[in-house]
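Asker: The structure under discussion is supplied below as structure tokens; questions concerning it will follow.
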Amino acid sequence: MNKLKATLLLADGTIFKGTLIGSPGTNGGEICFNTGMTGYQEIYTDPSYTGQIIVTTTSHIGNYGVISSEVESDQPTIAGIVVNSFSEIYSRLDADGSLQDYLVKYGITGIADIDTRKLVRHIRSKGAMNAIISSEFEDDLAGLKAELNLVPDMNGLELSSQVCTKEPFFYGDENSPLKVACLDFGIKLNILRNLADRGVYCKVFPAKTKFEELKKWNPDGYFLSNGPGDPAVMEYAVKTTKDILESDKPVFGICLGHQVLAEACGISTYKMHHGHRGLNHPIKNIFTGKSEITSQNHGFVVKKEDVENSDLVEMTHIHLNDKTVAGIKLKNKPAFSVQYHPESSPGPHDSRYLFDDFINLMNKK
Amino acid sequence: MPKDSSIKHILLIGSGPIVIGQACEFDYSGTQASRSLREEGIKVTLINSNPATIMTDPVTADNVYLLPLEKKSIIKILQEHPDIDCVLPTVGGQTALNLAIDCEKAGIWKKFGVRMIGVDIDAIDTAENREKFKALLEKIGVGVCKGATATSFLQGKEIAQEIGFPLIIRASYTLGGAGGAFVEKAEDFEKALSAGLQASPVHEVLIEQSILGWKEYELEVMRDNIGNMIVICSIENFDPMGVHTGDSITVAPALTLPDTVYQRMRNYAITMMNSIGNFAGGCNVQFAVSPDNSEIIGIEINPRVSRSSALASKATGYPIAKVAAKLAIGYNLDELTNSITGTTSAFFEPSIDYVIVKIPRWNFDKFKGSDKRLGLSMKAVGEVMGIGRNFQEALQKACQSLEIKRNGLGADGKELRDQEKILYSLANPSWNRLFHVYDAFKLGISFRTIQDLTKIDKWFLKQIEELVHIEAEIEKYEIDDIPLELMELAKRKGYADRQIAHLLGCLESEVFNKRYEEMGIKRVYKLVDTCAAEFEAKTPYYYSTFGEENEAIPSDKKKVVVLGSGPNRVGQGIEFDYSCVHGVLAAKECGYETIMINCNPETVSTDPDVSDRLYFEPVFWEHIYEIILSEKPVGVIVQLGGQTALKLAEKLDKYGIPIIGTSYEALDLAEDRGRFSTLLKENEVPYPEFGTIHNTDEALELCKTIGFPLLVRPSYVLGGQGMKIVINEKELEEHVVNVLRDIPNNEILLDHFLEGAIEAEADAICDGENVYIIGIMQHIEPAGIHSGDSYAVLPPYNLGDYVMRQIETYTKKIALALRTVGLINIQFAIKNDKVYVIEANPRASRTVPFICKAYREPYVNYATKVMLGEKKVTDFNFKPYKSGYAIKEPVFSFHKFPNVNKELGPEMKSTGEAIYFIEDLMDDYFLKIYSERNLYLSR
């Protein structure tokens, strides 16, 4: 009963008072909500969420603790978490520990016991905005506001080069039949697991690596990873991608990688009202006619008219709810990308075939 | 593929009478499916023998056949409607499916050129055949429960080595499980094996991996013709493997599964569905998961709409049956819109931001001598669902919905304190195990022991343990000094004011005033929207919780609340839901905004398409009162929802909330035998000699003046609970003691029992001035068998004019004397041509839907308009369709309780009913039941 209190302040002045979870402190970021009902640890360790405060809409978080095998990166880089009911008690025989201890270990501050549904409805109607969680400014609203003002705006923010690997590293079996150069904008580990499972030896390069450097390794294909931030300010990545495309080698992009591929083909991107984040997003594959339930996490999206008017690319997948572009491919090159997460960790495995498609493209060459 | 435009006319098969395992969820699914098909311009012809269903209403289908669910009826329908081109058998439970398969085998569909849609017979066959199913799972790489038969000691040991421990030995061809054993450790195995081999007459045993105590899950999945699949809901069983899922407390979403394990299960479900056949519709897949999450075993697959899909629809808001019907006629999921949001795709997986807890409702008290332990065969007669923003709140709300005289889980002074009994109950689950888990924590039994005995997941047990701690914390205070934070915590965890009052030692109203008025802790209402608020939703489906934002902003329209009938149970079933639904629809017609309150997920009344606003809440005072305070309706309709709704009348009246129709005073007068008899006497209406007693001494004194046989009955009970006919002083004394033990301080009535009398009953509508008798029914069994368990014939088959005139006169007199506004049911006994009144109930009775169906008239609609004061009885043009006779046939579920004899008496035992029409009294069916009328009568 004697839990510390915490405050959540939104940029538009809305305040929620609740219970502190995780590490005491003050931290801000862009607030967004995820409607998934499982996989909190994977979400919290997904580098694409860097700098964001994640509201999970599901009623309970923490129920099954944490486990080292279910991370998507070395450590969480999120700005904070907001949950309805937080469980320090966990039930999982092979768990490493509680979510509470995990959050404290990585200095993540969160807030629980607030009306998260009200908050989600607020974000839904007002759109994405910055917010701050604090256990320190209980009676000092002005102070908290000042702190909130220091949080950078996600629009025009480049984060990939901050969260990506500093040095290239290898993943998978070096005797694998195929080699893929992965451009790390904030790559999720499960992408590498999926590639390695399909006989791919991966070399993961920092975001700002130039094409010449990638080419030296003589890969069979290139992978453009997911990651945080605004794709419109990633000229370096767009440049590299243009060079990659020149090589006519197979290219596969996911999420931010998809947006970068689009930018490289002259398609612009824009920030959505409040994005797509969850494990239940309906996507239709225009070519096969089949639909898939996908895991998504993006605040930016490629412009549909640009795709429709493009000579270079065509739409392959469409989001069934708002009809936004969910996948594209180049008309004359072996390159394709999707806005969602076929590696889906967490989330349904309906779209894993895309990795096979990528392998097939490489095998054709 | 878009809609198959060749389909013009579909035959829909219903599920027939309510029995254990197949209840009103199929009325819900059938009704939804029918509406969904008609939306597409397809004609629907429907067959069901259950008259108390909305699906058999003229509003639901183009043609309705109230016929027995048998081949003969199907042929008749197809002959009369040669344009029927398809049959949809997947929304009427196992009954519909079996009938469709029978017709298939008999070549009926082929003969009439009818195509079966929404189902794949091979898929059904694979799903139902244990061996085929197991072989399939092995082929596609889904885990199965390992096992093999052994005919020698050596073979047995080899099998055991293969599958490991714990395991189960079942001896072949033995009765009642003789020679069977549960073996936990290798050292106990050899002894058990030889015992098993010896016990079996053919010296054969089945050795199977034991998955008792494993976690149990269900996925509700939808599939379309091109193989698109979505999981609508994951359901976790609170009670682990070993208890039938229909008897298990279940929770959604699954709360103790990591994504990795959940996705593995989802993948298996998809593989299983794809490999059993090509079908479009809903499907239920069940899994067992080892406690360490490492192993997942496929248990069952049901490629049809089921009880769980009704629950999943109510749990998520996603209308499974409605969509399944669309898929059956060719649509693909991506071509349909989510009707809850109206804007997004129906191809998606609902995300929920609350927790639901389903608790089954059992009626063991009605089946004396039955084995009360839960196991592989379902025993529950109904269920409730609680919705909350956390598990504890949902759990408490579900407990408050049960109507088992508890105020929730714990904190009501009714806990068991006998350690031995508690330990037994933990290991041998029955209807009350949940309560005993709470009691065990309260008594200080260790967490480890509780978990070892129950095998319930630690997370759930910890939630209950935490409630016990909160209870202890509250007990430290009194109403004057309880801190706001603690009060808020208790309310958020679902404690009712009544429970808190018990802990603080004060009145419920004091707690209410303190928290509501002083502390401002009020309920808010949140929407069930399939999408966790990601999109705006249009369907007005609400539940209460404690939070900041209320989404159910009251309108300023004229509105009325209809109280539902809660969980199905013997004596109060689907008939009352039927009346509630019609009440809602009638009030809508009169321009009222309608508000439905109910907690039974199986029903049509809790389909959010029915009322203007659905509050899925316990039919429990506190919840109802807060809705009323928020919505400010002009009044509340209590006479449609059976005893559940009716018993809230007193409190509504006390709080000055208008009751629509017959006043509380009149309702109470009818229940109060003394005052009611005075009324009868004043109106010169005969009734059997009677008296009231409060103890055995009074009983023994009174019986001398009334004389045996006597009918003993407690006041204010449902379905004849505790009623018995006694023939001597010894029996009388015994029974009075029993009744007072079960229902302390009750007033007991002793009626002179008119032995051998004929029973009849009448239902009528009254507006206070005029009475219209909608139907008079004569029972086939003699007096002494509860009316709900009797065959009833409409109209009477051998009552003379003189008797009929008495019945009519008395019905009118009583209806007027009680100042009835709405419906009334009166029961009569007839002896030597003299009619006696046994009881009167000024409310919608069990027989009203039956009469509506037989006479093809919307009587509940009329009665509701009368209640609302919108119409007078004289405003209606009554045109009952009268041809031959309609027989109401009681249907029992005794097969579920092998040790219970089919004995009928004044206490009701049937779970459902069917309607049967006959032309004349020479009908074979009639002659048969007439000749057997005395067969099952017991005292």
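Identifiers in the structure tokens: chain A, B, ... in order shown; residue index from 1 per chain; ligand index from 1 in order shown.
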Pull the closest atom pair for each residue of chain B that gets at most 7 Å from chain A, along with the distance in Å to one decimal, counting only C-alpha atoms, ordering rows by chain and then ascending residue number, as CSV.
Answerer:
residue,atom,partner,partner_atom,distance
B:Asn228,CA,A:Ser291,CA,6.0
B:Leu255,CA,A:Asn63,CA,6.9
B:Thr256,CA,A:Tyr64,CA,5.9
B:Leu257,CA,A:Tyr64,CA,6.9
B:Pro258,CA,A:Gly39,CA,6.1
B:Asp259,CA,A:Gly39,CA,4.7
B:Gln263,CA,A:Pro348,CA,6.0
B:Asp292,CA,A:Leu93,CA,5.5
B:Thr344,CA,A:Asn321,CA,4.5
B:Ser345,CA,A:Asn321,CA,5.3
B:Phe347,CA,A:Pro282,CA,6.1
B:Phe348,CA,A:Pro282,CA,5.3
B:Glu349,CA,A:Asn280,CA,5.1
B:Ser351,CA,A:Thr35,CA,6.2
B:Ile352,CA,A:Thr58,CA,6.3
B:Asp353,CA,A:Thr58,CA,4.4
B:Tyr354,CA,A:Ser59,CA,5.2
B:Val355,CA,A:Ser59,CA,6.8
B:Arg389,CA,A:Ser59,CA,6.1
B:Asn390,CA,A:Ser59,CA,6.0
B:Lys458,CA,A:Ser91,CA,5.8
B:Trp459,CA,A:Ser91,CA,5.4
B:Ala532,CA,A:Thr57,CA,6.3
B:Ala533,CA,A:Arg121,CA,6.0
B:Glu534,CA,A:Arg124,CA,6.5
B:Gly547,CA,A:Asp115,CA,5.5
B:Glu548,CA,A:Asp115,CA,6.0
B:Glu549,CA,A:Lys118,CA,5.9
Asker: What's around B:Leu484 at 7 Å? Count only C-alpha atoms, leave out sequence neighbours fewer than 3 positions away in its own chain, and write the answer as an MDAnalysis selection string.
Answerer: chainID B and resid 487:488 519
Asker: I'd like the contact shell of A:Asp220 - 7 Å cut-off, only C-alpha atoms, skipping same-chain residues fewer than 2 positions apart - returned as a PyMOL selection string.
Answerer: chain A and resi 178-180+218+249+362
Asker: For A:Val301, find every residue with an atom within 7 Å (counting only C-alpha atoms), except residues of its own chain fewer than 3 positions away, and show them as a ChimeraX atom specification.
Answerer: /A:259,269-272
Asker: Would you output that residue set with N, CA and C atoms, as an mmCIF file, in the first residue's frame?
Answerer:
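Saved result, result-v1.cif, follows:
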data_model
loop_
_atom_site.group_PDB
_atom_site.id
_atom_site.type_symbol
_atom_site.label_atom_id
_atom_site.label_comp_id
_atom_site.auth_asym_id
_atom_site.auth_seq_id
_atom_site.Cartn_x
_atom_site.Cartn_y
_atom_site.Cartn_z
ATOM 1 N N GLN A 259 10.362 2.507 -45.209
ATOM 2 C CA GLN A 259 10.203 3.943 -45.467
ATOM 3 C C GLN A 259 11.434 4.498 -46.176
ATOM 4 N N THR A 269 7.299 10.413 -47.121
ATOM 5 C CA THR A 269 6.674 9.830 -45.919
ATOM 6 C C THR A 269 6.084 10.961 -45.090
ATOM 7 N N TYR A 270 5.172 10.616 -44.232
ATOM 8 C CA TYR A 270 4.612 11.622 -43.330
ATOM 9 C C TYR A 270 4.258 10.979 -41.994
ATOM 10 N N LYS A 271 4.094 11.836 -40.999
ATOM 11 C CA LYS A 271 3.769 11.337 -39.668
ATOM 12 C C LYS A 271 2.261 11.123 -39.564
ATOM 13 N N MET A 272 1.882 9.981 -39.055
ATOM 14 C CA MET A 272 0.459 9.671 -38.920
ATOM 15 C C MET A 272 -0.110 10.343 -37.678
#
Asker: Atom CA of B:Val19 to atom CA of B:Lys379: how many Å, to one decimal?
Answerer: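 If I compute the distance from atom CA of B:Val19 to atom CA of B:Lys379, I get 10.0 Å.
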Asker: Using only C-alpha atoms, which protein or nucleic acid residues come within 7 Å of A:Gly257? Drop anything in the same chain fewer than 2 positions from it, and give the result as a compact mmCIF listing (two decimals) with C-alpha atoms, in the first residue's frame.
Answerer:
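Contents of the output file result.txt:
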# COMPACT_ATOMS: atom_id res chain seq x y z
CA LEU A 224 17.15 -2.42 -44.36
CA SER A 225 16.07 -2.69 -40.77
CA ASN A 226 13.36 -1.22 -38.62
CA GLY A 253 13.16 -3.59 -45.90
CA ILE A 254 11.07 -3.64 -42.74
CA CYS A 255 9.27 -0.69 -41.15
CA GLN A 259 10.20 3.94 -45.47
CA VAL A 260 13.86 4.45 -46.40
CA LEU A 261 13.44 2.26 -49.48
Asker: Do a neighbour search on stretch 864-877 of chain B at 8 Å with only C-alpha atoms, toss out local chain neighbours closer than 4 positions, and write the hits as a ChimeraX atom specification.
Answerer: /B:583,586-587,590,660-662,765-767,770-772,821-822,860
Asker: Can you pull out the residues contacting A:Asn332? Cut-off 12 Å, using only C-alpha atoms, and skip same-chain residues under 5 positions away; I want them as a PyMOL selection string.
Answerer: chain A and resi 245-246+248-250+265+311-314
Asker: Those residues you just picked out, can you put them in a file as a CSV table (one decimal), in the first residue's frame with C-alpha atoms?
Answerer:
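Saved the output as out19.csv:
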chain,number,residue,atom,x,y,z
A,245,LEU,CA,19.5,-0.5,-55.6
A,246,GLU,CA,22.0,0.3,-58.3
A,248,ASP,CA,20.6,-4.9,-58.6
A,249,LYS,CA,21.1,-7.2,-55.6
A,250,PRO,CA,17.9,-8.3,-53.7
A,265,CYS,CA,12.5,5.7,-54.9
A,311,ASP,CA,7.0,4.5,-62.1
A,312,LEU,CA,9.4,2.7,-60.0
A,313,VAL,CA,7.4,1.0,-57.3
A,314,GLU,CA,4.0,-0.6,-56.9
Asker: What parts of stretch 275-430 of chain B does DSSP call helix (DSSP H, G or I)? I'd like the answer as a JSON list (two decimals) with N, CA and C atoms, in the first residue's frame.
Answerer:
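The resulting file, states.json, is reproduced below:
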[["chain", "number", "residue", "atom", "x", "y", "z"],
["B", 275, "SER", "N", -5.67, -28.24, -41.74],
["B", 275, "SER", "CA", -5.49, -29.62, -42.13],
["B", 275, "SER", "C", -6.73, -30.48, -41.90],
["B", 276, "ILE", "N", -7.71, -30.00, -41.14],
["B", 276, "ILE", "CA", -8.88, -30.88, -40.98],
["B", 276, "ILE", "C", -9.88, -30.72, -42.12],
["B", 307, "ARG", "N", -20.46, -22.99, -27.42],
["B", 307, "ARG", "CA", -20.71, -22.22, -26.21],
["B", 307, "ARG", "C", -19.60, -21.20, -26.01],
["B", 308, "SER", "N", -18.37, -21.65, -26.26],
["B", 308, "SER", "CA", -17.25, -20.74, -26.07],
["B", 308, "SER", "C", -17.26, -19.59, -27.07],
["B", 309, "SER", "N", -17.84, -19.82, -28.25],
["B", 309, "SER", "CA", -17.84, -18.69, -29.19],
["B", 309, "SER", "C", -18.87, -17.65, -28.78],
["B", 310, "ALA", "N", -19.94, -18.10, -28.12],
["B", 310, "ALA", "CA", -20.88, -17.11, -27.58],
["B", 310, "ALA", "C", -20.17, -16.29, -26.52],
["B", 311, "LEU", "N", -19.43, -16.98, -25.66],
["B", 311, "LEU", "CA", -18.68, -16.27, -24.62],
["B", 311, "LEU", "C", -17.66, -15.32, -25.25],
["B", 312, "ALA", "N", -16.96, -15.82, -26.26],
["B", 312, "ALA", "CA", -15.93, -14.99, -26.91],
["B", 312, "ALA", "C", -16.56, -13.77, -27.57],
["B", 313, "SER", "N", -17.77, -13.94, -28.13],
["B", 313, "SER", "CA", -18.45, -12.79, -28.74],
["B", 313, "SER", "C", -18.76, -11.74, -27.69],
["B", 314, "LYS", "N", -19.25, -12.18, -26.54],
["B", 314, "LYS", "CA", -19.60, -11.23, -25.50],
["B", 314, "LYS", "C", -18.34, -10.67, -24.83],
["B", 315, "ALA", "N", -17.31, -11.49, -24.80],
["B", 315, "ALA", "CA", -16.07, -11.05, -24.15],
["B", 315, "ALA", "C", -15.34, -10.00, -24.97],
["B", 316, "THR", "N", -15.47, -10.08, -26.29],
["B", 316, "THR", "CA", -14.71, -9.15, -27.13],
["B", 316, "THR", "C", -15.58, -8.14, -27.85],
["B", 320, "ILE", "N", -19.34, -13.32, -33.56],
["B", 320, "ILE", "CA", -18.84, -14.49, -34.28],
["B", 320, "ILE", "C", -19.90, -15.14, -35.17],
["B", 321, "ALA", "N", -21.09, -15.37, -34.61],
["B", 321, "ALA", "CA", -22.12, -16.08, -35.39],
["B", 321, "ALA", "C", -22.55, -15.26, -36.61],
["B", 322, "LYS", "N", -22.65, -13.97, -36.39],
["B", 322, "LYS", "CA", -23.06, -13.07, -37.47],
["B", 322, "LYS", "C", -22.05, -13.15, -38.62],
["B", 323, "VAL", "N", -20.79, -13.08, -38.28],
["B", 323, "VAL", "CA", -19.74, -13.12, -39.30],
["B", 323, "VAL", "C", -19.65, -14.53, -39.89],
["B", 324, "ALA", "N", -19.80, -15.56, -39.05],
["B", 324, "ALA", "CA", -19.72, -16.94, -39.54],
["B", 324, "ALA", "C", -20.77, -17.16, -40.63],
["B", 325, "ALA", "N", -21.96, -16.60, -40.43],
["B", 325, "ALA", "CA", -23.02, -16.77, -41.43],
["B", 325, "ALA", "C", -22.62, -16.11, -42.75],
["B", 326, "LYS", "N", -21.98, -14.95, -42.65],
["B", 326, "LYS", "CA", -21.53, -14.26, -43.86],
["B", 326, "LYS", "C", -20.45, -15.07, -44.58],
["B", 327, "LEU", "N", -19.58, -15.69, -43.80],
["B", 327, "LEU", "CA", -18.51, -16.48, -44.41],
["B", 327, "LEU", "C", -19.11, -17.71, -45.11],
["B", 328, "ALA", "N", -20.17, -18.25, -44.49],
["B", 328, "ALA", "CA", -20.79, -19.45, -45.06],
["B", 328, "ALA", "C", -21.39, -19.18, -46.43],
["B", 333, "LEU", "N", -13.21, -12.78, -45.04],
["B", 333, "LEU", "CA", -13.13, -11.88, -43.88],
["B", 333, "LEU", "C", -12.72, -10.46, -44.26],
["B", 334, "ASP", "N", -11.80, -10.34, -45.21],
["B", 334, "ASP", "CA", -11.32, -9.00, -45.55],
["B", 334, "ASP", "C", -12.37, -8.18, -46.30],
["B", 335, "GLU", "N", -13.45, -8.82, -46.72],
["B", 335, "GLU", "CA", -14.51, -8.09, -47.43],
["B", 335, "GLU", "C", -15.57, -7.56, -46.48],
["B", 364, "PHE", "N", -26.66, -28.43, -8.40],
["B", 364, "PHE", "CA", -26.60, -29.75, -7.79],
["B", 364, "PHE", "C", -27.73, -29.98, -6.79],
["B", 365, "ASP", "N", -28.21, -28.87, -6.19],
["B", 365, "ASP", "CA", -29.30, -28.99, -5.21],
["B", 365, "ASP", "C", -30.54, -29.60, -5.84],
["B", 366, "LYS", "N", -30.66, -29.50, -7.16],
["B", 366, "LYS", "CA", -31.85, -30.03, -7.83],
["B", 366, "LYS", "C", -31.69, -31.51, -8.17],
["B", 391, "PHE", "N", -8.35, -8.44, -13.16],
["B", 391, "PHE", "CA", -8.86, -9.78, -12.92],
["B", 391, "PHE", "C", -9.72, -9.84, -11.65],
["B", 392, "GLN", "N", -9.25, -9.20, -10.59],
["B", 392, "GLN", "CA", -9.97, -9.28, -9.32],
["B", 392, "GLN", "C", -11.36, -8.65, -9.41],
["B", 393, "GLU", "N", -11.42, -7.51, -10.10],
["B", 393, "GLU", "CA", -12.72, -6.85, -10.25],
["B", 393, "GLU", "C", -13.68, -7.75, -11.05],
["B", 394, "ALA", "N", -13.16, -8.32, -12.13],
["B", 394, "ALA", "CA", -13.99, -9.19, -12.96],
["B", 394, "ALA", "C", -14.44, -10.42, -12.17],
["B", 395, "LEU", "N", -13.55, -10.94, -11.36],
["B", 395, "LEU", "CA", -13.86, -12.12, -10.56],
["B", 395, "LEU", "C", -14.95, -11.81, -9.53],
["B", 396, "GLN", "N", -14.79, -10.69, -8.84],
["B", 396, "GLN", "CA", -15.80, -10.30, -7.85],
["B", 396, "GLN", "C", -17.15, -10.06, -8.53],
["B", 397, "LYS", "N", -17.13, -9.41, -9.67],
["B", 397, "LYS", "CA", -18.39, -9.13, -10.35],
["B", 397, "LYS", "C", -19.06, -10.42, -10.80],
["B", 398, "ALA", "N", -18.25, -11.37, -11.25],
["B", 398, "ALA", "CA", -18.83, -12.66, -11.66],
["B", 398, "ALA", "C", -19.46, -13.34, -10.45],
["B", 399, "CYS", "N", -18.77, -13.29, -9.31],
["B", 399, "CYS", "CA", -19.32, -13.91, -8.09],
["B", 399, "CYS", "C", -20.62, -13.22, -7.67],
["B", 400, "GLN", "N", -20.65, -11.89, -7.85],
["B", 400, "GLN", "CA", -21.87, -11.15, -7.48],
["B", 400, "GLN", "C", -23.03, -11.46, -8.44],
["B", 401, "SER", "N", -22.70, -11.99, -9.61],
["B", 401, "SER", "CA", -23.73, -12.28, -10.61],
["B", 401, "SER", "C", -24.39, -13.64, -10.41],
["B", 419, "GLN", "N", -10.87, -27.02, 8.19],
["B", 419, "GLN", "CA", -9.66, -27.25, 7.41],
["B", 419, "GLN", "C", -9.76, -28.50, 6.54],
["B", 420, "GLU", "N", -10.25, -29.56, 7.14],
["B", 420, "GLU", "CA", -10.31, -30.82, 6.42],
["B", 420, "GLU", "C", -11.21, -30.72, 5.19],
["B", 421, "LYS", "N", -12.36, -30.09, 5.40],
["B", 421, "LYS", "CA", -13.30, -29.93, 4.28],
["B", 421, "LYS", "C", -12.70, -29.06, 3.19],
["B", 422, "ILE", "N", -12.00, -28.02, 3.61],
["B", 422, "ILE", "CA", -11.39, -27.13, 2.63],
["B", 422, "ILE", "C", -10.36, -27.89, 1.81],
["B", 423, "LEU", "N", -9.52, -28.64, 2.48],
["B", 423, "LEU", "CA", -8.47, -29.38, 1.76],
["B", 423, "LEU", "C", -9.09, -30.37, 0.78],
["B", 424, "TYR", "N", -10.18, -31.01, 1.22],
["B", 424, "TYR", "CA", -10.85, -31.95, 0.33],
["B", 424, "TYR", "C", -11.38, -31.22, -0.90],
["B", 425, "SER", "N", -12.00, -30.08, -0.65],
["B", 425, "SER", "CA", -12.60, -29.32, -1.73],
["B", 425, "SER", "C", -11.54, -28.81, -2.72],
["B", 426, "LEU", "N", -10.38, -28.43, -2.22],
["B", 426, "LEU", "CA", -9.33, -27.94, -3.10],
["B", 426, "LEU", "C", -8.89, -29.03, -4.07],
["B", 427, "ALA", "N", -8.82, -30.25, -3.56],
["B", 427, "ALA", "CA", -8.35, -31.36, -4.40],
["B", 427, "ALA", "C", -9.46, -31.97, -5.24]]
Asker: List every residue of stretch 2-247 of chain A that DSSP, applied to the backbone of this structure, assigns to strand (DSSP E), and report them as a ChimeraX atom specification.
Answerer: /A:5-10,15-22,26-34,52-56,60-61,80-82,85-86,109-112,129-134,169-171,178-184,200-206,221-224
Asker: So, counting only C-alpha atoms, which residue among A:Val338, A:Ile81, A:Ala142, A:Ala262 is closest to A:Gly107?
Answerer: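 Of the candidates, the smallest distance to A:Gly107 is held by A:Ile81.
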Asker: Pick from A:Thr241, A:Asn175, A:Ser48, A:Ser161: nearest to A:Leu256, with only C-alpha atoms counted?
Answerer: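 Once distances to A:Leu256 are computed over only C-alpha atoms, the minimum belongs to A:Ser48.
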Asker: Go ahead and compute the interatomic distance for atom CA of A:Ile244 and atom CA of A:Lys329, in Å to one decimal.
Answerer: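 Value for the atom CA of A:Ile244-atom CA of A:Lys329 distance: 14.6 Å.
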